[in-house]
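Report on one structure; see the data block that follows.
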Amino acid sequence: MKRYFQEEIECASEEKLREIQNKKLVEQVKHVWDNVPYYRKKMEEKGVTPDDIKSVDDLHKLPFLSKYDLRDSYPYGLLGVPKKDVVRIHSTSGTTGKRVVAYYTQGDLDLWEECCARAIVAAGGSEEDVVQVSYGYGLFTGGLGLHGGSQKVGCMTVPASSGNTERQIMFIRDLNATIICCTPSYAAYLGESMKEMGLTPDDIPLKAGIFGAEAWSEEMRRDIQNTLGIKAFDIYGLTELSGPGVAFECSEQNGMHINEDHFIAEIIDPDTEEVLPEGSQGELVFTAIDKKAFPMLRYRTRDICTLTRGKCSCGRTFIKMAKPKGRTDDMLIIRGVNVFPSQIETVLLEHGYQANYQIIVGRENNTDTLDVHVEMTPEMFTDDIKEINKRQADLVKGLLSMLGIKAKVTLVAPKSITRSEGKAVRVIDNRKI
Ligand code: DLL
């Protein structure tokens, strides 16, 4: 069985990769300078010209791009090619209210789908497999991205899209789907629904899942792997950089390899914008070095994580990014303490709950309040008040030790928190500041 989709590049030496990056970066900076007046102006303001960028070592000289730039230049300001060369767009709702619209030439689509194909092969996929793509199709990049990747590998591709859970399960069983692609929260929901239908992992043919688009913990991975009887692989990406497949997990299931022949990653301190050494935690910044229609240079993702380069047992040489811990804009500041939803999730799953919870932040008498509503699992469901109080107190203690602040925990009945077919919405911040 093929272990790699493009072995010569996925396992290239560090020197070879660097050479590719240097060459593509120099070309990309020229392309942007010539074709994207918005970014050229930013370069001019910083006193940088394409002649100053001779290799990756010069990357730090370039200005950053952020969500604010996308908003300012909406809709066409960052387009790098004539509109007639664009064959597709995708879009996501921006946190600033305006949508982010990303553009693709046919060449951009090809390299994006190759990235997704690498992820599918790394998860054990081949032309023998039936891949059910249960990410949303349409403006969201998840569906069409993995769909294209799956076809590139030669898998039988089922464009199920999200929703209609019973039909999803029927197709998985009837068509013998071996790989499923969806958000981790939807994978958990599928597992829950199968259980309710009286199905065990032995009744379903799946062997692997490729899950991403939102933060998920190692505990959630364990739960999904057990309920579906599969290996669960992480995949990372964002619309601005094509979509899924910027980075993907391999058989080690321990961090995601970044497709370094297309993307150069940096970690910066989000406050000072200083580039941090490898291994430090900070904000992930990406430079897309060969995407032409929407050529992002030094794009600030707001995702917090670390990078490590080292030998991987899978044989790939691409640098790895850890599971993102959260986003700078997801980070809640509660009574002055930084709280990431992923930390709360870790505590809940460690205590035997599933990722069905809601975090409600408010303000009373000028003090922030943190309420966590958690579903009891059907197995632990009880109306014994004493038992419920004890369980709630255990969680309060666990959260206090993880976050350093006290939360109010309310256990709620199984199935009372709305399930998500795409990205889960877990935080409600009612503070009007
Ligand atoms: O979520 C692309 C995608 C689709 C990735 C399917 C993986 C699978 P956006 O909607 O633009 O694109 O959202 C991008 O989602 O900046 C992260 O904050 C978050 N994200 C994506 N993948 C992961 C992951 C798609 N594996 C934003 N772990 C990113 C944690 C993730 N967060």
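Simple scheme: letters A, B, ... for chains in structure tokens order, numbers from 1 for residues in each chain, numbers from 1 for ligands in the order shown.
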
> Taking only C-alpha atoms and all ligand atoms into account, which residues are within 6 Å of ligand 1, as a list in words?
Replying inline: Thr92, Thr141, Gly142, Gly212, Ala213, Glu214, Ala215, Asp234, Ile235, Tyr236, Gly237, Leu238, Thr239, Gly243, Pro244, Thr301, Asp303, Lys323, Pro324 and Arg327 of chain A

With region 245-263 of chain A as the partner and 10 Å as the cut-off, tabulate the residues of region 3-68 of chain A that qualify, each row holding the nearest pair of atoms and their distance in Å to one decimal, using only C-alpha atoms, sorted by chain and rising number, as JSON lines.
```
{"residue": "A:Arg3", "atom": "CA", "partner": "A:Cys250", "partner_atom": "CA", "distance": 9.7}
{"residue": "A:Tyr4", "atom": "CA", "partner": "A:Cys250", "partner_atom": "CA", "distance": 9.8}
{"residue": "A:Ile9", "atom": "CA", "partner": "A:Asp261", "partner_atom": "CA", "distance": 7.6}
{"residue": "A:Glu10", "atom": "CA", "partner": "A:Asn259", "partner_atom": "CA", "distance": 7.8}
{"residue": "A:Ala12", "atom": "CA", "partner": "A:Asp261", "partner_atom": "CA", "distance": 9.8}
{"residue": "A:Lys16", "atom": "CA", "partner": "A:Asp261", "partner_atom": "CA", "distance": 9.8}
{"residue": "A:Leu17", "atom": "CA", "partner": "A:Asp261", "partner_atom": "CA", "distance": 6.5}
{"residue": "A:Arg18", "atom": "CA", "partner": "A:Asp261", "partner_atom": "CA", "distance": 8.5}
{"residue": "A:Glu19", "atom": "CA", "partner": "A:Asp261", "partner_atom": "CA", "distance": 9.6}
{"residue": "A:Ile20", "atom": "CA", "partner": "A:Asp261", "partner_atom": "CA", "distance": 6.5}
{"residue": "A:Gln21", "atom": "CA", "partner": "A:Asp261", "partner_atom": "CA", "distance": 6.2}
{"residue": "A:Asn22", "atom": "CA", "partner": "A:Asp261", "partner_atom": "CA", "distance": 10.0}
{"residue": "A:Lys24", "atom": "CA", "partner": "A:His262", "partner_atom": "CA", "distance": 8.5}
{"residue": "A:Leu25", "atom": "CA", "partner": "A:His262", "partner_atom": "CA", "distance": 9.5}
```

>> From a backbone DSSP assignment, name each residue in region 273-376 of chain A labelled strand (DSSP E or B), as a ChimeraX atom specification.
In response: /A:275,282-288,299-305,307-308,320-321,326-327,332-334,337-339,357-364,367-375

Give me a file of those residues, with N, CA and C atoms, as a compact mmCIF listing (two decimals), in the first residue's frame.
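Printed below is result_24.txt as written:
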```txt
# COMPACT_ATOMS: atom_id res chain seq x y z
N VAL A 275 9.23 37.30 16.11
CA VAL A 275 9.27 35.88 15.72
C VAL A 275 9.92 35.08 16.84
N GLY A 282 2.96 30.29 20.52
CA GLY A 282 2.60 31.63 20.08
C GLY A 282 1.60 31.55 18.95
N GLU A 283 1.44 32.67 18.23
CA GLU A 283 0.46 32.70 17.14
C GLU A 283 1.11 32.19 15.85
N LEU A 284 0.36 31.37 15.17
CA LEU A 284 0.83 30.76 13.93
C LEU A 284 0.65 31.76 12.78
N VAL A 285 1.72 31.93 12.00
CA VAL A 285 1.68 32.84 10.85
C VAL A 285 2.08 32.03 9.62
N PHE A 286 1.34 32.16 8.54
CA PHE A 286 1.66 31.38 7.34
C PHE A 286 1.91 32.26 6.13
N THR A 287 2.87 31.84 5.33
CA THR A 287 3.09 32.45 4.02
C THR A 287 2.81 31.38 2.97
N ALA A 288 1.84 31.66 2.12
CA ALA A 288 1.51 30.71 1.05
C ALA A 288 2.40 31.05 -0.14
N TYR A 299 0.40 35.68 6.87
CA TYR A 299 -0.97 35.82 7.35
C TYR A 299 -1.09 35.38 8.81
N ARG A 300 -1.58 36.25 9.64
CA ARG A 300 -1.73 35.94 11.08
C ARG A 300 -3.02 35.14 11.28
N THR A 301 -2.86 33.89 11.67
CA THR A 301 -4.03 33.00 11.77
C THR A 301 -4.84 33.21 13.04
N ARG A 302 -4.21 33.75 14.08
CA ARG A 302 -4.77 33.85 15.44
C ARG A 302 -4.80 32.51 16.16
N ASP A 303 -4.35 31.45 15.51
CA ASP A 303 -4.30 30.14 16.19
C ASP A 303 -3.03 30.06 17.03
N ILE A 304 -3.21 29.53 18.24
CA ILE A 304 -2.08 29.45 19.16
C ILE A 304 -1.53 28.03 19.14
N CYS A 305 -0.28 27.88 18.83
CA CYS A 305 0.30 26.54 18.89
C CYS A 305 1.82 26.57 18.86
N LEU A 307 5.56 24.74 17.06
CA LEU A 307 6.10 24.00 15.91
C LEU A 307 7.30 23.18 16.39
N THR A 308 7.44 21.98 15.86
CA THR A 308 8.65 21.20 16.17
C THR A 308 9.12 20.46 14.94
N LYS A 320 6.28 19.82 12.14
CA LYS A 320 4.96 19.51 12.70
C LYS A 320 4.42 20.66 13.54
N MET A 321 3.11 20.88 13.45
CA MET A 321 2.47 21.81 14.38
C MET A 321 1.66 20.99 15.39
N GLY A 326 -6.03 26.89 20.85
CA GLY A 326 -7.19 27.77 20.78
C GLY A 326 -6.83 28.92 19.88
N ARG A 327 -7.69 29.91 19.84
CA ARG A 327 -7.40 31.09 19.02
C ARG A 327 -7.26 32.29 19.93
N LEU A 332 -10.81 33.51 26.31
CA LEU A 332 -11.67 34.32 27.15
C LEU A 332 -10.81 34.89 28.27
N ILE A 333 -11.04 36.14 28.57
CA ILE A 333 -10.34 36.68 29.75
C ILE A 333 -11.39 36.81 30.82
N ILE A 334 -11.29 35.94 31.82
CA ILE A 334 -12.30 35.89 32.87
C ILE A 334 -11.64 36.25 34.19
N VAL A 337 -8.02 36.26 34.01
CA VAL A 337 -7.28 35.02 33.72
C VAL A 337 -7.59 34.57 32.28
N ASN A 338 -6.56 34.15 31.57
CA ASN A 338 -6.78 33.65 30.20
C ASN A 338 -7.33 32.24 30.24
N VAL A 339 -8.47 32.05 29.62
CA VAL A 339 -9.11 30.73 29.63
C VAL A 339 -9.39 30.30 28.19
N TYR A 357 -21.17 20.36 25.83
CA TYR A 357 -21.13 21.35 26.91
C TYR A 357 -21.29 22.75 26.32
N GLN A 358 -21.59 23.68 27.20
CA GLN A 358 -21.69 25.07 26.78
C GLN A 358 -21.04 25.93 27.86
N ILE A 359 -20.29 26.90 27.41
CA ILE A 359 -19.60 27.79 28.35
C ILE A 359 -20.32 29.14 28.27
N ILE A 360 -20.83 29.59 29.39
CA ILE A 360 -21.58 30.85 29.37
C ILE A 360 -20.85 31.86 30.27
N VAL A 361 -20.45 32.95 29.66
CA VAL A 361 -19.71 33.95 30.42
C VAL A 361 -20.61 35.16 30.60
N GLY A 362 -20.63 35.70 31.79
CA GLY A 362 -21.46 36.88 32.04
C GLY A 362 -20.75 37.84 32.98
N ARG A 363 -21.48 38.84 33.42
CA ARG A 363 -20.90 39.80 34.37
C ARG A 363 -21.96 40.22 35.37
N GLU A 364 -21.63 40.04 36.65
CA GLU A 364 -22.56 40.45 37.71
C GLU A 364 -21.80 41.30 38.69
N THR A 367 -18.19 41.78 38.17
CA THR A 367 -17.30 40.61 38.23
C THR A 367 -17.74 39.62 37.16
N ASP A 368 -16.75 39.05 36.47
CA ASP A 368 -17.08 38.06 35.44
C ASP A 368 -17.59 36.78 36.07
N THR A 369 -18.56 36.16 35.39
CA THR A 369 -19.05 34.86 35.86
C THR A 369 -18.77 33.82 34.78
N LEU A 370 -18.47 32.62 35.22
CA LEU A 370 -18.20 31.53 34.28
C LEU A 370 -19.10 30.36 34.64
N ASP A 371 -20.04 30.06 33.75
CA ASP A 371 -20.96 28.94 33.97
C ASP A 371 -20.67 27.87 32.94
N VAL A 372 -20.55 26.66 33.40
CA VAL A 372 -20.33 25.58 32.44
C VAL A 372 -21.51 24.61 32.55
N HIS A 373 -22.22 24.45 31.46
CA HIS A 373 -23.32 23.47 31.43
C HIS A 373 -22.80 22.21 30.76
N VAL A 374 -22.93 21.09 31.44
CA VAL A 374 -22.38 19.84 30.91
C VAL A 374 -23.47 18.79 30.90
N GLU A 375 -23.55 18.08 29.81
CA GLU A 375 -24.52 16.97 29.75
C GLU A 375 -24.01 15.76 30.50
```

>> I'd like to know which residues of region 243-433 of chain A are alpha helix (DSSP H) (by DSSP, run on the backbone); could you write them as a VMD selection string?
In response: chain A and resid 341 to 350 385 to 403

Write the selection just made, keeping N, CA, C and O atoms, as a compact mmCIF listing (two decimals), in the first residue's frame?
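What follows is the written file again-v3.txt:
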```txt
# COMPACT_ATOMS: atom_id res chain seq x y z
N PRO A 341 -11.34 27.51 25.82
CA PRO A 341 -12.38 26.48 25.89
C PRO A 341 -11.78 25.07 25.90
O PRO A 341 -12.30 24.18 26.54
N SER A 342 -10.65 24.88 25.19
CA SER A 342 -10.06 23.53 25.13
C SER A 342 -9.62 23.05 26.51
O SER A 342 -9.62 21.85 26.79
N GLN A 343 -9.24 23.97 27.40
CA GLN A 343 -8.84 23.54 28.75
C GLN A 343 -10.05 23.01 29.50
O GLN A 343 -9.96 22.01 30.22
N ILE A 344 -11.18 23.68 29.31
CA ILE A 344 -12.41 23.24 29.98
C ILE A 344 -12.81 21.86 29.45
O ILE A 344 -13.13 20.94 30.20
N GLU A 345 -12.70 21.72 28.13
CA GLU A 345 -13.07 20.43 27.52
C GLU A 345 -12.21 19.29 28.07
O GLU A 345 -12.70 18.20 28.37
N THR A 346 -10.93 19.56 28.23
CA THR A 346 -10.02 18.53 28.75
C THR A 346 -10.50 18.04 30.12
O THR A 346 -10.57 16.84 30.37
N VAL A 347 -10.85 18.97 30.99
CA VAL A 347 -11.29 18.58 32.34
C VAL A 347 -12.57 17.74 32.25
O VAL A 347 -12.69 16.70 32.89
N LEU A 348 -13.51 18.18 31.41
CA LEU A 348 -14.79 17.46 31.33
C LEU A 348 -14.57 16.03 30.84
O LEU A 348 -15.11 15.07 31.40
N LEU A 349 -13.76 15.89 29.80
CA LEU A 349 -13.56 14.55 29.25
C LEU A 349 -12.76 13.66 30.21
O LEU A 349 -13.01 12.47 30.30
N GLU A 350 -11.84 14.28 30.93
CA GLU A 350 -11.08 13.50 31.92
C GLU A 350 -12.00 12.96 33.01
O GLU A 350 -11.72 11.93 33.62
N ILE A 385 -30.22 14.06 43.80
CA ILE A 385 -29.63 15.39 43.95
C ILE A 385 -28.26 15.34 44.60
O ILE A 385 -27.32 16.05 44.22
N LYS A 386 -28.14 14.43 45.59
CA LYS A 386 -26.86 14.34 46.30
C LYS A 386 -25.74 13.94 45.33
O LYS A 386 -24.65 14.49 45.34
N GLU A 387 -26.07 12.96 44.49
CA GLU A 387 -25.10 12.46 43.52
C GLU A 387 -24.74 13.57 42.52
O GLU A 387 -23.57 13.78 42.19
N ILE A 388 -25.77 14.29 42.08
CA ILE A 388 -25.52 15.38 41.11
C ILE A 388 -24.63 16.45 41.76
O ILE A 388 -23.65 16.91 41.15
N ASN A 389 -24.94 16.80 42.98
CA ASN A 389 -24.12 17.82 43.67
C ASN A 389 -22.68 17.38 43.79
O ASN A 389 -21.76 18.17 43.61
N LYS A 390 -22.48 16.11 44.07
CA LYS A 390 -21.11 15.61 44.23
C LYS A 390 -20.36 15.69 42.89
O LYS A 390 -19.21 16.14 42.82
N ARG A 391 -21.04 15.27 41.85
CA ARG A 391 -20.40 15.32 40.52
C ARG A 391 -20.07 16.76 40.13
O ARG A 391 -19.02 17.04 39.56
N GLN A 392 -21.01 17.67 40.41
CA GLN A 392 -20.76 19.08 40.08
C GLN A 392 -19.56 19.61 40.86
O GLN A 392 -18.70 20.29 40.30
N ALA A 393 -19.50 19.24 42.13
CA ALA A 393 -18.39 19.72 42.97
C ALA A 393 -17.06 19.17 42.45
O ALA A 393 -16.04 19.87 42.45
N ASP A 394 -17.06 17.92 41.99
CA ASP A 394 -15.83 17.34 41.44
C ASP A 394 -15.34 18.15 40.23
O ASP A 394 -14.15 18.40 40.06
N LEU A 395 -16.31 18.53 39.39
CA LEU A 395 -15.93 19.29 38.19
C LEU A 395 -15.43 20.69 38.56
O LEU A 395 -14.47 21.19 37.98
N VAL A 396 -16.08 21.31 39.54
CA VAL A 396 -15.64 22.64 39.98
C VAL A 396 -14.19 22.56 40.43
O VAL A 396 -13.35 23.40 40.07
N LYS A 397 -13.88 21.49 41.16
CA LYS A 397 -12.51 21.31 41.67
C LYS A 397 -11.53 21.11 40.50
O LYS A 397 -10.46 21.71 40.45
N GLY A 398 -11.92 20.25 39.57
CA GLY A 398 -11.06 19.98 38.41
C GLY A 398 -10.81 21.24 37.60
O GLY A 398 -9.69 21.51 37.16
N LEU A 399 -11.87 22.03 37.40
CA LEU A 399 -11.72 23.27 36.61
C LEU A 399 -10.86 24.29 37.34
O LEU A 399 -10.03 24.97 36.75
N LEU A 400 -11.03 24.34 38.67
CA LEU A 400 -10.23 25.27 39.46
C LEU A 400 -8.75 24.94 39.31
O LEU A 400 -7.90 25.81 39.14
N SER A 401 -8.45 23.66 39.34
CA SER A 401 -7.03 23.31 39.27
C SER A 401 -6.49 23.54 37.85
O SER A 401 -5.33 23.89 37.68
N MET A 402 -7.31 23.39 36.82
CA MET A 402 -6.83 23.62 35.44
C MET A 402 -6.74 25.11 35.13
O MET A 402 -5.80 25.58 34.53
N LEU A 403 -7.76 25.89 35.57
CA LEU A 403 -7.85 27.29 35.12
C LEU A 403 -7.35 28.29 36.16
O LEU A 403 -7.01 29.42 35.82
```

> Please, what distance in Å, to one decimal, runs between CA of Ser150 (chain A) and CA of Arg316 (chain A)?
Replying inline: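 Taking CA of Ser150 (chain A) and CA of Arg316 (chain A), their separation equals 20.1 Å.
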
>> For a quick check of understanding, using only C-alpha atoms, which of A:Gln225, A:Asp108, A:Met296, A:Asp271 has the smallest distance to Leu78 (chain A)?
In response: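 Closest residue, counting only C-alpha atoms: A:Met296.
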
Restrict the calculation to only C-alpha atoms, then for each residue of region 214-250 of chain A with any atom at most 7 Å from an atom of region 197-204 of chain A give the closest atom pair and their distance in Å to one decimal, rows by chain and rising residue number, as a Markdown table.
```
| residue | atom | partner | partner_atom | distance |
| --- | --- | --- | --- | --- |
| A:Thr227 | CA | A:Pro201 | CA | 6.4 |
| A:Leu228 | CA | A:Pro201 | CA | 5.1 |
| A:Gly229 | CA | A:Pro201 | CA | 4.9 |
```

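Counting only C-alpha atoms and comparing A:Asn366, A:Trp216, A:Lys152, A:Ile268, the residue that lies closest to Lys325 (chain A) is A:Trp216.
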
>> Counting only C-alpha atoms, which residue out of A:Asn35, A:Thr377, A:Asn164, A:Gln28 sits closest to Ser55 (chain A)?
In response: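 Counting only C-alpha atoms, the residue closest to Ser55 (chain A) is A:Gln28.
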
>> Please determine, counting only C-alpha atoms, which residue among A:Val87, A:Val56, A:Leu139, A:Leu206 has the shortest atom-to-atom distance to Tyr104 (chain A).
In response: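 Closest to Tyr104 (chain A), using only C-alpha atoms: A:Val87.
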
> What separation in Å, quoted to one decimal, exists between CA of Gly404 (chain A) and CA of Thr382 (chain A)?
Replying inline: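 Separation between CA of Gly404 (chain A) and CA of Thr382 (chain A): 29.3 Å.
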
> Taking into account only C-alpha atoms, which residue in the set A:Ala117, A:Ala355, A:Gly148, A:Val100 is nearest to Arg71 (chain A)?
Replying inline: A:Val100

Per-residue nearest contacts of region 18-104 of chain A to region 134-138 of chain A (10 Å; only C-alpha atoms) as a tab-separated table:
```
residue	atom	partner	partner_atom	distance
A:Ile89	CA	A:Gly138	CA	9.7
A:His90	CA	A:Gly138	CA	7.7
A:Ser91	CA	A:Gly138	CA	8.8
```

Dump of C-alpha atoms for the selected residues, as a compact mmCIF listing (two decimals), in the first residue's frame:
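Ended up saving to again33.txt:
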```txt
# COMPACT_ATOMS: atom_id res chain seq x y z
CA ILE A 89 -14.34 31.02 -4.49
CA HIS A 90 -14.90 29.83 -0.94
CA SER A 91 -15.96 31.87 2.01
```

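For Tyr38 (chain A), the list of residues within 10 Å, based on only C-alpha atoms and with local chain neighbours fewer than 6 positions off taken out, reads Val32, Asp69, Asp72, Ser73, Gly77, Leu78 and Leu79 of chain A.
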
> Could you work out how far CA of Tyr189 (chain A) lies from CA of Val131 (chain A), giving the answer in Å with one decimal?
Replying inline: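 Between CA of Val131 (chain A) and CA of Tyr189 (chain A) the gap is 18.5 Å.
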
> For Phe64 (chain A), which residue out of A:Cys115, A:Leu297, A:Leu175, A:Ala187 is the nearest one, using only C-alpha atoms?
Replying inline: A:Leu297
